[in-house]
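Chemist: Input file: input_4.cif. Contents: mmCIF, C-alpha atoms.
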```
data_start
#
loop_
_atom_site.label_atom_id
_atom_site.label_comp_id
_atom_site.auth_asym_id
_atom_site.auth_seq_id
_atom_site.Cartn_x
_atom_site.Cartn_y
_atom_site.Cartn_z
CA MET A 25 8.81 -33.66 -33.06
CA ASP A 26 10.38 -30.26 -33.74
CA VAL A 27 9.14 -27.57 -31.34
CA ILE A 28 9.79 -23.82 -31.24
CA VAL A 29 9.73 -22.25 -27.77
CA ILE A 30 9.35 -18.46 -27.67
CA GLY A 31 10.99 -17.03 -24.55
CA GLY A 32 14.24 -17.61 -22.67
CA GLY A 33 13.03 -17.01 -19.13
CA ILE A 34 12.21 -19.68 -16.58
CA ALA A 35 9.07 -20.78 -18.45
CA GLY A 36 10.80 -21.06 -21.83
CA VAL A 37 13.97 -22.81 -20.68
CA ALA A 38 12.02 -25.17 -18.40
CA THR A 39 9.74 -26.03 -21.33
CA ALA A 40 12.74 -26.70 -23.57
CA TYR A 41 14.22 -28.97 -20.91
CA GLN A 42 11.04 -31.02 -20.46
CA LEU A 43 10.52 -31.30 -24.22
CA ARG A 44 14.08 -32.48 -24.77
CA ALA A 45 13.73 -34.99 -21.93
CA ALA A 46 10.67 -36.33 -23.77
CA GLY A 47 12.74 -36.80 -26.92
CA HIS A 48 11.77 -33.73 -28.95
CA ARG A 49 14.07 -31.33 -30.81
CA VAL A 50 13.72 -27.74 -29.65
CA CYS A 51 14.58 -24.24 -30.86
CA VAL A 52 14.36 -21.51 -28.21
CA VAL A 53 13.92 -17.96 -29.52
CA GLU A 54 14.81 -15.18 -27.07
CA ARG A 55 14.73 -11.44 -27.82
CA HIS A 56 17.49 -10.58 -25.33
CA ALA A 57 21.18 -11.34 -25.85
CA THR A 58 21.02 -14.24 -23.42
CA VAL A 59 18.54 -16.11 -21.24
CA ALA A 60 17.05 -14.92 -17.92
CA GLN A 61 17.06 -11.22 -18.82
CA GLY A 62 13.35 -10.44 -18.50
CA ALA A 63 11.02 -10.80 -15.52
CA SER A 64 12.88 -13.94 -14.35
CA TYR A 65 15.92 -11.75 -13.67
CA GLY A 66 14.22 -9.75 -10.92
CA HIS A 67 12.39 -12.58 -9.16
CA SER A 68 12.22 -12.54 -5.38
CA GLY A 69 13.68 -16.05 -5.27
CA VAL A 70 10.76 -17.83 -3.58
CA VAL A 71 10.75 -21.23 -5.27
CA LEU A 72 7.14 -22.34 -4.75
CA PRO A 73 4.13 -20.50 -3.32
CA THR A 74 2.29 -21.38 -0.13
CA PRO A 75 -1.37 -20.49 0.55
CA LEU A 76 -0.02 -17.41 2.33
CA ASP A 77 1.62 -15.78 -0.68
CA VAL A 78 -0.33 -16.78 -3.76
CA TRP A 79 -1.51 -13.61 -5.49
CA PHE A 80 -5.18 -14.21 -4.82
CA GLY A 81 -7.33 -14.98 -1.82
CA PRO A 82 -8.39 -13.30 1.43
CA THR A 83 -5.29 -11.17 2.02
CA PHE A 84 -4.83 -9.88 -1.54
CA LEU A 85 -6.33 -6.46 -2.42
CA ARG A 86 -8.77 -6.88 0.44
CA ASN A 87 -11.63 -4.37 0.22
CA GLY A 88 -9.80 -2.54 -2.57
CA ARG A 89 -6.97 -1.42 -0.32
CA GLN A 90 -4.18 0.15 -2.26
CA SER A 91 -0.62 0.79 -1.10
CA SER A 92 -1.48 -0.13 2.50
CA GLY A 93 -2.00 -3.64 1.15
CA GLY A 94 1.22 -3.65 -0.86
CA VAL A 95 -0.40 -3.04 -4.27
CA ILE A 96 -0.68 0.40 -5.83
CA CYS A 97 -3.94 0.23 -7.76
CA LYS A 98 -4.40 2.85 -10.49
CA THR A 99 -7.08 1.18 -12.58
CA GLY A 100 -9.69 3.94 -12.77
CA PHE A 101 -13.40 3.25 -12.50
CA THR A 102 -13.99 1.41 -15.77
CA GLY A 103 -12.22 -0.88 -18.19
CA HIS A 104 -10.38 -4.19 -18.22
CA ALA A 105 -8.17 -3.48 -15.21
CA ARG A 106 -11.12 -2.48 -13.03
CA ASN A 107 -12.99 -5.65 -14.01
CA PHE A 108 -9.85 -7.63 -13.26
CA VAL A 109 -9.71 -6.25 -9.72
CA LYS A 110 -13.39 -7.10 -9.22
CA ARG A 111 -12.79 -10.69 -10.33
CA LEU A 112 -9.89 -11.00 -7.92
CA ALA A 113 -12.24 -9.86 -5.17
CA SER A 114 -14.47 -12.85 -5.95
CA LEU A 115 -11.69 -15.12 -4.62
CA HIS A 116 -11.65 -13.51 -1.17
CA GLY A 117 -14.19 -15.93 0.29
CA SER A 118 -12.54 -18.75 2.20
CA GLU A 119 -14.41 -21.51 0.33
CA THR A 120 -13.62 -20.10 -3.11
CA PHE A 121 -10.01 -19.49 -2.11
CA ALA A 122 -9.67 -23.06 -0.84
CA ALA A 123 -11.18 -24.46 -4.04
CA ARG A 124 -8.78 -22.50 -6.27
CA TYR A 125 -5.72 -23.40 -4.21
CA THR A 126 -6.79 -27.07 -4.21
CA LEU A 127 -6.70 -26.93 -8.02
CA LEU A 128 -3.27 -25.27 -7.94
CA ARG A 129 -1.79 -27.69 -5.42
CA PRO A 130 -1.11 -30.58 -7.88
CA LEU A 131 0.84 -28.16 -10.10
CA ILE A 132 2.95 -27.15 -7.08
CA GLU A 133 3.68 -30.81 -6.34
CA SER A 134 4.54 -31.53 -9.98
CA ALA A 135 6.85 -28.52 -10.06
CA GLN A 136 8.60 -29.65 -6.87
CA ASN A 137 9.16 -33.11 -8.34
CA ALA A 138 10.50 -31.67 -11.60
CA LEU A 139 12.88 -29.37 -9.73
CA ASP A 140 14.14 -32.16 -7.46
CA GLU A 141 14.70 -34.37 -10.50
CA ALA A 142 16.75 -31.79 -12.41
CA GLU A 143 18.68 -30.72 -9.33
CA GLY A 144 19.58 -34.28 -8.35
CA ARG A 145 20.37 -35.52 -11.85
CA PHE A 146 22.73 -32.68 -12.75
CA GLU A 147 23.91 -31.69 -9.24
CA LEU A 148 22.84 -28.09 -9.76
CA GLU A 149 23.88 -25.46 -7.23
CA TYR A 150 21.96 -22.22 -7.62
CA GLU A 151 22.20 -20.65 -4.16
CA GLN A 152 19.39 -22.71 -2.64
CA ARG A 153 18.50 -21.92 0.96
CA GLU A 154 15.78 -23.25 3.24
CA GLY A 155 13.66 -21.28 5.67
CA LEU A 156 10.79 -18.86 5.00
CA LEU A 157 9.22 -16.73 7.71
CA TYR A 158 5.84 -15.16 6.90
CA LEU A 159 5.09 -12.10 9.04
CA VAL A 160 1.62 -10.75 9.83
CA ARG A 161 1.29 -7.14 10.95
CA GLY A 162 -2.10 -6.72 12.63
CA SER A 163 -4.98 -8.67 14.16
CA ASP A 164 -7.19 -8.01 11.12
CA GLU A 165 -4.56 -9.48 8.82
CA TRP A 166 -4.10 -12.41 11.20
CA SER A 167 -7.76 -13.28 10.92
CA LEU A 168 -7.51 -13.15 7.12
CA THR A 169 -4.69 -15.73 7.16
CA GLN A 170 -6.83 -18.38 8.86
CA PRO A 171 -8.14 -19.93 5.59
CA ALA A 172 -4.52 -20.31 4.46
CA LEU A 173 -3.58 -21.97 7.74
CA GLU A 174 -6.48 -24.37 7.34
CA LEU A 175 -5.14 -25.33 3.91
CA LEU A 176 -1.69 -25.93 5.37
CA ARG A 177 -3.22 -28.33 7.87
CA LYS A 178 -5.38 -29.98 5.20
CA PHE A 179 -2.39 -30.72 2.98
CA GLU A 180 -0.18 -31.58 5.97
CA THR A 181 2.38 -28.97 4.99
CA PRO A 182 5.07 -28.76 7.70
CA HIS A 183 4.97 -25.37 9.35
CA HIS A 184 5.12 -23.61 12.72
CA VAL A 185 2.73 -20.90 13.91
CA PHE A 186 4.58 -18.40 16.11
CA THR A 187 3.43 -15.78 18.55
CA PRO A 188 5.40 -12.52 18.24
CA HIS A 189 7.55 -13.55 21.21
CA GLU A 190 8.30 -16.97 19.66
CA CYS A 191 9.02 -15.32 16.32
CA VAL A 192 11.58 -12.91 17.81
CA ALA A 193 13.17 -15.79 19.70
CA SER A 194 13.48 -17.70 16.42
CA GLU A 195 14.73 -14.71 14.41
CA PRO A 196 16.26 -12.15 16.83
CA THR A 197 16.88 -9.57 14.10
CA ILE A 198 13.13 -8.88 13.89
CA PRO A 199 12.16 -5.99 16.20
CA ALA A 200 9.60 -6.77 18.90
CA ASP A 201 8.45 -3.15 18.88
CA PRO A 202 6.21 -2.05 17.30
CA PRO A 203 4.20 -5.18 18.05
CA PHE A 204 2.91 -7.44 15.30
CA ALA A 205 0.32 -10.22 15.25
CA GLY A 206 2.44 -13.32 14.63
CA ALA A 207 4.31 -15.38 12.08
CA ILE A 208 4.33 -18.70 10.25
CA ARG A 209 7.62 -20.47 9.61
CA PHE A 210 8.40 -23.05 6.92
CA ASP A 211 11.69 -24.77 7.64
CA GLN A 212 11.69 -26.77 4.40
CA ALA A 213 10.46 -24.08 1.99
CA ARG A 214 13.19 -22.75 -0.24
CA VAL A 215 14.53 -19.61 -1.83
CA ALA A 216 16.98 -19.80 -4.73
CA ASN A 217 18.59 -17.76 -7.48
CA CYS A 218 16.16 -18.05 -10.39
CA PRO A 219 18.42 -16.50 -13.11
CA LEU A 220 21.31 -18.73 -12.04
CA PHE A 221 19.10 -21.82 -12.25
CA ILE A 222 18.00 -20.84 -15.78
CA LYS A 223 21.58 -20.37 -16.94
CA GLN A 224 22.64 -23.68 -15.45
CA LEU A 225 19.70 -25.45 -17.09
CA LYS A 226 20.70 -23.88 -20.42
CA GLN A 227 24.22 -25.26 -19.95
CA VAL A 228 22.70 -28.69 -19.38
CA LEU A 229 20.71 -28.37 -22.60
CA ASP A 230 23.79 -27.18 -24.51
CA THR A 231 25.62 -30.30 -23.34
CA MET A 232 22.73 -32.67 -24.08
CA GLY A 233 22.29 -31.44 -27.64
CA GLY A 234 19.02 -31.33 -29.51
CA VAL A 235 18.22 -27.80 -28.30
CA GLN A 236 19.18 -24.71 -30.28
CA PHE A 237 19.09 -21.20 -28.79
CA GLN A 238 18.51 -18.22 -31.06
CA THR A 239 19.15 -15.19 -28.85
CA GLY A 240 18.80 -11.56 -29.80
CA ARG A 241 15.90 -12.46 -32.10
CA THR A 242 12.43 -10.95 -31.91
CA VAL A 243 9.36 -12.88 -33.02
CA ARG A 244 7.12 -10.74 -35.22
CA ALA A 245 4.33 -13.24 -35.85
CA ILE A 246 3.22 -16.83 -35.39
CA ARG A 247 1.87 -18.82 -38.33
CA LEU A 248 -0.37 -21.84 -37.80
CA GLU A 249 -1.31 -24.50 -40.32
CA ASN A 250 -2.94 -27.90 -40.02
CA THR A 251 0.30 -29.84 -40.16
CA ARG A 252 3.00 -27.26 -39.28
CA ALA A 253 3.60 -24.09 -37.33
CA ALA A 254 6.11 -21.32 -37.88
CA VAL A 255 7.38 -18.04 -36.46
CA GLU A 256 8.51 -14.92 -38.31
CA LEU A 257 11.71 -13.38 -36.95
CA ALA A 258 12.50 -9.69 -37.27
CA PRO A 259 15.75 -8.94 -39.15
CA LEU A 260 18.88 -8.50 -37.09
CA PRO A 261 19.77 -4.81 -36.56
CA ASP A 262 23.16 -5.13 -38.30
CA GLU A 263 21.82 -6.81 -41.43
CA THR A 264 22.17 -4.88 -44.67
CA ALA A 265 19.09 -3.55 -46.44
CA ARG A 266 19.48 -6.29 -49.07
CA LYS A 267 19.26 -8.98 -46.43
CA ARG A 268 16.56 -7.40 -44.30
CA GLU A 269 13.96 -9.98 -45.20
CA VAL A 270 11.58 -11.80 -42.91
CA GLU A 271 13.13 -15.02 -41.68
CA VAL A 272 10.73 -17.88 -41.04
CA ILE A 273 11.48 -21.02 -39.04
CA SER A 274 8.97 -23.83 -38.91
CA ALA A 275 8.28 -26.78 -36.63
CA ASP A 276 5.56 -29.21 -35.62
CA ALA A 277 4.44 -27.00 -32.71
CA VAL A 278 5.05 -23.63 -31.05
CA VAL A 279 5.08 -22.96 -27.31
CA VAL A 280 4.65 -19.31 -26.31
CA ALA A 281 6.46 -18.74 -23.02
CA ALA A 282 7.35 -15.08 -23.49
CA GLY A 283 6.21 -13.68 -20.17
CA ALA A 284 4.38 -10.37 -20.45
CA GLN A 285 4.86 -10.44 -24.24
CA THR A 286 2.74 -13.60 -24.53
CA PRO A 287 -0.68 -11.87 -24.92
CA LYS A 288 0.65 -9.63 -27.72
CA LEU A 289 2.01 -12.61 -29.66
CA LEU A 290 -1.30 -14.46 -29.38
CA ALA A 291 -3.65 -11.53 -30.04
CA PRO A 292 -3.25 -11.57 -33.88
CA LEU A 293 -4.35 -15.23 -33.79
CA GLY A 294 -7.59 -14.20 -32.10
CA PHE A 295 -6.52 -15.83 -28.85
CA LYS A 296 -7.08 -13.93 -25.61
CA LEU A 297 -5.48 -14.90 -22.31
CA PRO A 298 -7.17 -14.42 -18.89
CA PHE A 299 -4.40 -12.14 -17.60
CA HIS A 300 -3.67 -8.58 -16.60
CA PRO A 301 -0.06 -7.37 -16.38
CA VAL A 302 1.28 -6.02 -13.11
CA ARG A 303 4.52 -4.09 -12.66
CA VAL A 304 6.70 -5.40 -9.83
CA HIS A 305 9.82 -3.91 -8.31
CA THR A 306 13.01 -5.06 -6.63
CA LEU A 307 15.63 -3.26 -4.58
CA ASN A 308 19.07 -4.87 -4.42
CA ALA A 309 20.73 -3.19 -1.47
CA PRO A 310 24.21 -3.70 0.01
CA VAL A 311 24.30 -5.20 3.48
CA ALA A 312 24.76 -2.41 6.00
CA HIS A 313 25.27 -4.32 9.25
CA GLU A 314 25.89 -8.05 9.15
CA GLU A 315 24.42 -8.66 12.60
CA CYS A 316 21.09 -7.18 11.44
CA VAL A 317 20.62 -9.48 8.45
CA PRO A 318 17.84 -12.06 9.04
CA HIS A 319 18.83 -15.72 8.74
CA SER A 320 15.56 -16.62 7.02
CA THR A 321 13.80 -15.09 4.05
CA LEU A 322 11.10 -12.77 5.37
CA ILE A 323 7.75 -12.29 3.64
CA ASP A 324 5.26 -9.61 4.60
CA VAL A 325 2.03 -11.57 4.12
CA ALA A 326 -0.45 -8.81 3.35
CA ARG A 327 1.92 -6.67 1.31
CA ARG A 328 3.56 -9.62 -0.46
CA ILE A 329 7.04 -8.20 -0.06
CA ALA A 330 9.94 -10.64 0.23
CA ILE A 331 13.28 -9.85 1.87
CA THR A 332 16.06 -12.32 1.18
CA ARG A 333 19.83 -12.36 1.25
CA THR A 334 21.81 -12.86 -1.96
CA ASN A 335 25.54 -12.93 -1.21
CA HIS A 336 26.46 -9.45 0.09
CA ARG A 337 23.12 -7.87 -0.75
CA LEU A 338 19.53 -7.92 0.41
CA ARG A 339 16.90 -8.37 -2.28
CA ILE A 340 13.59 -6.72 -1.41
CA SER A 341 10.87 -7.61 -3.91
CA GLY A 342 7.24 -6.55 -4.33
CA GLY A 343 5.87 -3.06 -4.79
CA ALA A 344 3.24 -4.11 -7.34
CA VAL A 345 1.47 -1.51 -9.49
CA LEU A 346 -1.81 -2.27 -11.29
CA GLN A 347 -2.67 0.09 -14.15
CA ARG A 348 -5.07 0.51 -17.04
CA VAL A 349 -4.15 -1.46 -20.16
CA LYS A 350 -3.52 1.64 -22.29
CA GLU A 351 -0.82 2.79 -19.84
CA LEU A 352 1.17 -0.44 -19.85
CA ASP A 353 3.28 0.40 -22.92
CA GLU A 354 4.37 3.68 -21.37
CA ALA A 355 7.07 4.25 -18.77
CA LEU A 356 5.73 4.16 -15.24
CA PRO A 357 5.30 7.72 -13.93
CA GLU A 358 8.11 8.69 -11.59
CA ALA A 359 5.70 9.30 -8.72
CA LEU A 360 4.36 5.73 -8.93
CA THR A 361 7.87 4.29 -9.11
CA GLU A 362 8.84 6.23 -6.01
CA GLU A 363 5.71 5.05 -4.21
CA ALA A 364 6.42 1.42 -5.09
CA LEU A 365 10.06 1.60 -4.03
CA ALA A 366 9.04 3.38 -0.83
CA LEU A 367 6.92 0.34 0.07
CA LEU A 368 10.00 -1.87 -0.30
CA GLY A 369 12.16 0.43 1.78
CA GLU A 370 9.50 0.62 4.47
CA ALA A 371 9.28 -3.18 4.65
CA SER A 372 13.04 -3.40 5.04
CA ARG A 373 13.04 -0.90 7.89
CA ASP A 374 10.04 -2.57 9.57
CA TRP A 375 11.29 -6.17 9.50
CA ALA A 376 15.08 -5.94 9.11
CA PRO A 377 16.15 -2.54 10.46
CA GLY A 378 19.80 -1.77 9.90
CA ALA A 379 20.32 -4.70 7.54
CA ALA A 380 20.30 -2.89 4.18
CA ARG A 381 21.72 0.36 2.83
CA ILE A 382 18.60 1.41 0.99
CA SER A 383 20.21 4.66 -0.18
CA ALA A 384 22.71 2.62 -2.22
CA ALA A 385 20.19 0.12 -3.58
CA LEU A 386 19.84 -0.70 -7.26
CA ALA A 387 16.23 -0.67 -8.43
CA TRP A 388 14.69 -3.04 -10.97
CA GLU A 389 11.24 -3.00 -12.55
CA GLY A 390 9.56 -5.74 -14.56
CA MET A 391 6.18 -6.88 -15.84
CA LYS A 392 4.45 -10.07 -14.76
CA LEU A 393 1.09 -11.56 -15.67
CA LEU A 394 -1.64 -12.19 -13.11
CA SER A 395 -4.80 -14.17 -13.73
CA ALA A 396 -8.15 -13.28 -12.24
CA ASP A 397 -8.68 -16.88 -11.09
CA GLY A 398 -5.26 -17.38 -9.52
CA MET A 399 -4.01 -19.97 -12.03
CA PRO A 400 -1.26 -19.78 -14.68
CA ALA A 401 -1.99 -20.62 -18.31
CA ALA A 402 -0.40 -23.89 -19.39
CA GLY A 403 -1.15 -26.35 -22.16
CA ASN A 404 -2.72 -26.47 -25.58
CA ALA A 405 -4.19 -23.16 -26.73
CA GLY A 406 -7.05 -24.38 -28.87
CA HIS A 407 -4.99 -25.21 -31.96
CA ALA A 408 -3.20 -28.53 -32.39
CA ARG A 409 0.11 -26.72 -33.04
CA LEU A 410 -0.07 -24.01 -30.35
CA TYR A 411 0.77 -24.17 -26.62
CA VAL A 412 1.24 -21.63 -23.82
CA ASN A 413 3.31 -21.57 -20.63
CA ALA A 414 2.80 -18.21 -18.90
CA GLY A 415 1.29 -16.27 -16.01
CA HIS A 416 2.90 -17.90 -12.98
CA GLY A 417 2.90 -14.61 -11.13
CA PRO A 418 5.48 -13.09 -8.79
CA ALA A 419 5.44 -15.94 -6.20
CA GLY A 420 7.02 -19.26 -7.01
CA TRP A 421 9.21 -19.32 -10.10
CA ALA A 422 9.42 -23.14 -10.14
CA LEU A 423 5.71 -23.40 -11.02
CA ALA A 424 6.89 -23.02 -14.61
CA LEU A 425 8.58 -26.43 -14.38
CA GLY A 426 5.30 -28.12 -13.53
CA SER A 427 3.57 -26.35 -16.42
CA ALA A 428 6.42 -27.41 -18.72
CA ARG A 429 5.84 -31.04 -17.71
CA LEU A 430 2.19 -30.74 -18.70
CA ILE A 431 3.05 -29.27 -22.10
CA ALA A 432 5.67 -31.93 -22.81
CA ALA A 433 3.10 -34.63 -22.01
CA GLN A 434 0.47 -33.05 -24.26
CA ILE A 435 2.88 -32.68 -27.19
CA SER A 436 4.09 -36.25 -26.68
CA GLY A 437 0.53 -37.59 -26.49
CA THR A 438 1.04 -39.06 -23.01
CA ALA A 439 -1.00 -38.70 -19.84
CA PRO A 440 0.04 -35.71 -17.68
CA ASP A 441 0.82 -36.14 -13.99
CA LEU A 442 -1.96 -33.70 -13.08
CA PRO A 443 -5.63 -34.45 -12.36
CA ALA A 444 -8.08 -33.59 -15.13
CA GLU A 445 -9.68 -30.76 -13.15
CA THR A 446 -6.30 -29.03 -12.71
CA VAL A 447 -5.50 -29.41 -16.42
CA GLU A 448 -8.86 -27.84 -17.21
CA ALA A 449 -8.27 -24.99 -14.75
CA LEU A 450 -4.90 -24.27 -16.43
CA TRP A 451 -6.36 -24.13 -19.95
CA PRO A 452 -5.11 -20.93 -21.62
CA GLY A 453 -8.44 -20.30 -23.35
CA ARG A 454 -10.55 -20.03 -20.23
CA ASP A 455 -12.41 -16.80 -19.49
#
```
Go ahead and express the file in the form of structure tokens.
Modeler:
Amino acid sequence: MDVIVIGGGIAGVATAYQLRAAGHRVCVVERHATVAQGASYGHSGVVLPTPLDVWFGPTFLRNGRQSSGGVICKTGFTGHARNFVKRLASLHGSETFAARYTLLRPLIESAQNALDEAEGRFELEYEQREGLLYLVRGSDEWSLTQPALELLRKFETPHHVFTPHECVASEPTIPADPPFAGAIRFDQARVANCPLFIKQLKQVLDTMGGVQFQTGRTVRAIRLENTRAAVELAPLPDETARKREVEVISADAVVVAAGAQTPKLLAPLGFKLPFHPVRVHTLNAPVAHEECVPHSTLIDVARRIAITRTNHRLRISGGAVLQRVKELDEALPEALTEEALALLGEASRDWAPGAARISAALAWEGMKLLSADGMPAAGNAGHARLYVNAGHGPAGWALALGSARLIAAQISGTAPDLPAETVEALWPGRD
């Protein structure tokens, strides 16, 4: 089959790879000049989420806490964003949280298998490193992590629970004062360079053939028919007035994997996704003192801020801002940007003092999609020619590979490697 994939981030390129592996011909349409220029560019690097850093559950937006919990919440008292926050609160109970993560777990395993397969087959090197250390500030937060620890034991995920003393012994760069509650270490969990992986996977596809990349092209609309699908492309900026006509490319199916642009592309078709966008931030700071740089990637559990080394810089990612829908197309007010970046700088000083020159850091801001039920949207979107791969959130970029596997199976008419209840939970048309 011929398939159009909209989006050249991790979701789009992973989808193209899985479709080509299944024997389909693919055209990837990306609005930027090259791949990995959107939200994938600023990813923290955490490859797959654990129960401790999924963006739902007991430690996320607990009791409506705002910046103290790592999320700046400016949703007002009514509207879609406020309802979204209330629905997230419904996942705080340990039983509900466990049920949702149990549905997500097969997708995590599928994604890990897909990543291992691509990495081994093509000998990819994209700055992979093992070792994640999750840090818990206070006793209240420690009690909130217990449902996540129970899930780790249930799924027999290798990990170590550290007292503060054991944590400092394991990672001496972490200050023992002020005191903190404890830590959880994953020796086998990985961090990697997401944009580099995407570019290497594109090179693989270029070599394989059967995949065409149209970069610098913006999709204006999606057309759906019984037997075909098509996308309308906006004219190129340098085209003459005579040639400025709508260009249409058609295929047997369309996969929308356009990140935060996905809801806008689907809205004219009457299709609504169960997402709310969240702005996330990253500081890329030069290393200040080599001896202060942590050996492991550090993650502040409650604030969901990750600190990881990338060559001669420290990448500090998080600083989420939730806003009302009508404000999302506007630039973030300077005061909110400063507040978000201040959270990142504070985390760096708390957990890796002296490691980064925050004053010389380069800031990045991007938009990611969060679902109210903690699941991405992956699979057929209610029309035989339309599919979606979006909403994997800020933690775990490789989840997109598992979703891509599901879509490739559905388009090919083969059985997916996920249980039926997980496929249902991923359905893009759910409430």
Chemist: Just say which residues the PyMOL selection byres ((chain A and resi 360) around 12) picks in this file, as a ChimeraX atom specification.
Modeler: /A:91,95-98,303-305,343-347,355-359,361-367,389
Chemist: Where does the PyMOL selection byres ((chain A and resi 182) around 12) land in this file, that is, which residues does it pick, as a PDB file with C-alpha atoms, in the frame of the given file?
Modeler:
```pdb
ATOM      1  CA  THR A  74       2.290 -21.380  -0.130  1.00  0.00           C
ATOM      2  CA  GLY A 155      13.660 -21.280   5.670  1.00  0.00           C
ATOM      3  CA  LEU A 156      10.790 -18.860   5.000  1.00  0.00           C
ATOM      4  CA  LEU A 173      -3.580 -21.970   7.740  1.00  0.00           C
ATOM      5  CA  LEU A 175      -5.140 -25.330   3.910  1.00  0.00           C
ATOM      6  CA  LEU A 176      -1.690 -25.930   5.370  1.00  0.00           C
ATOM      7  CA  ARG A 177      -3.220 -28.330   7.870  1.00  0.00           C
ATOM      8  CA  LYS A 178      -5.380 -29.980   5.200  1.00  0.00           C
ATOM      9  CA  PHE A 179      -2.390 -30.720   2.980  1.00  0.00           C
ATOM     10  CA  GLU A 180      -0.180 -31.580   5.970  1.00  0.00           C
ATOM     11  CA  THR A 181       2.380 -28.970   4.990  1.00  0.00           C
ATOM     12  CA  HIS A 183       4.970 -25.370   9.350  1.00  0.00           C
ATOM     13  CA  HIS A 184       5.120 -23.610  12.720  1.00  0.00           C
ATOM     14  CA  VAL A 185       2.730 -20.900  13.910  1.00  0.00           C
ATOM     15  CA  ILE A 208       4.330 -18.700  10.250  1.00  0.00           C
ATOM     16  CA  ARG A 209       7.620 -20.470   9.610  1.00  0.00           C
ATOM     17  CA  PHE A 210       8.400 -23.050   6.920  1.00  0.00           C
ATOM     18  CA  ASP A 211      11.690 -24.770   7.640  1.00  0.00           C
ATOM     19  CA  GLN A 212      11.690 -26.770   4.400  1.00  0.00           C
ATOM     20  CA  ALA A 213      10.460 -24.080   1.990  1.00  0.00           C
TER      21      ALA A 213
END
```
Chemist: Rounded to one decimal in Å, what is the spacing between atom CA of A:Gly283 and atom CA of A:Asp77?
Modeler: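 Rounded to one decimal, the two atoms are 20.1 Å apart.
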Chemist: Any idea what the distance is between atom CA of A:Glu151 and atom CA of A:Leu423?
Modeler: 18.1 Å
Chemist: Could you jot down the atom CA of A:Ala309 to atom CA of A:Gln152 separation for me, Å, one decimal place?
Modeler: 19.6 Å
Chemist: For this file, the PyMOL selection byres ((chain A and resi 314) around 12) selects which residues, as a ChimeraX atom specification?
Modeler: /A:197,310-313,315-319,333,335-338,376-381
Chemist: Go through A:Ile431, A:Thr169, A:His300, A:Leu410 one by one, measure the shortest atom-to-atom distance of each to A:Arg106 using all atoms listed in the file, and give the residue with the smallest value.
Modeler: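 Of A:Ile431, A:Thr169, A:His300, A:Leu410, the one nearest A:Arg106 is A:His300, counting all atoms listed in the file.
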Chemist: Produce the centre coordinates and the three edge lengths, each in Å to one decimal, of the box along x, y and z that contains all listed atoms of stretch 238-257 of chain A with 5 Å added on each side, as JSON.
Modeler:
```
{"center_x": 8.1, "center_y": -20.3, "center_z": -34.6, "size_x": 32.1, "size_y": 29.1, "size_z": 21.5}
```
Chemist: Because the input lacks atoms here, generate N, CA and C atoms for stretch 165-175 of chain A and report them as a CSV table (one decimal), keeping the file's coordinate frame.
Modeler:
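Ended up saving to out-v7.csv:
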```csv
chain,number,residue,atom,x,y,z
A,165,GLU,N,-5.3,-8.7,9.8
A,165,GLU,CA,-4.6,-9.5,8.8
A,165,GLU,C,-4.4,-10.9,9.3
A,166,TRP,N,-4.2,-11.1,10.6
A,166,TRP,CA,-4.1,-12.4,11.2
A,166,TRP,C,-5.4,-13.2,11.0
A,167,SER,N,-6.5,-12.6,11.1
A,167,SER,CA,-7.8,-13.3,10.9
A,167,SER,C,-7.9,-13.7,9.5
A,168,LEU,N,-7.4,-12.9,8.6
A,168,LEU,CA,-7.5,-13.2,7.1
A,168,LEU,C,-6.6,-14.3,6.7
A,169,THR,N,-5.6,-14.6,7.5
A,169,THR,CA,-4.7,-15.7,7.2
A,169,THR,C,-5.2,-17.1,7.6
A,170,GLN,N,-6.3,-17.1,8.3
A,170,GLN,CA,-6.8,-18.4,8.9
A,170,GLN,C,-7.2,-19.4,7.8
A,171,PRO,N,-7.9,-19.0,6.7
A,171,PRO,CA,-8.1,-19.9,5.6
A,171,PRO,C,-6.9,-20.6,5.0
A,172,ALA,N,-5.8,-19.8,4.9
A,172,ALA,CA,-4.5,-20.3,4.5
A,172,ALA,C,-4.0,-21.3,5.5
A,173,LEU,N,-4.1,-21.0,6.7
A,173,LEU,CA,-3.6,-22.0,7.7
A,173,LEU,C,-4.4,-23.3,7.7
A,174,GLU,N,-5.7,-23.2,7.5
A,174,GLU,CA,-6.5,-24.4,7.3
A,174,GLU,C,-6.0,-25.2,6.2
A,175,LEU,N,-5.6,-24.6,5.1
A,175,LEU,CA,-5.1,-25.3,3.9
A,175,LEU,C,-3.8,-26.0,4.2
```
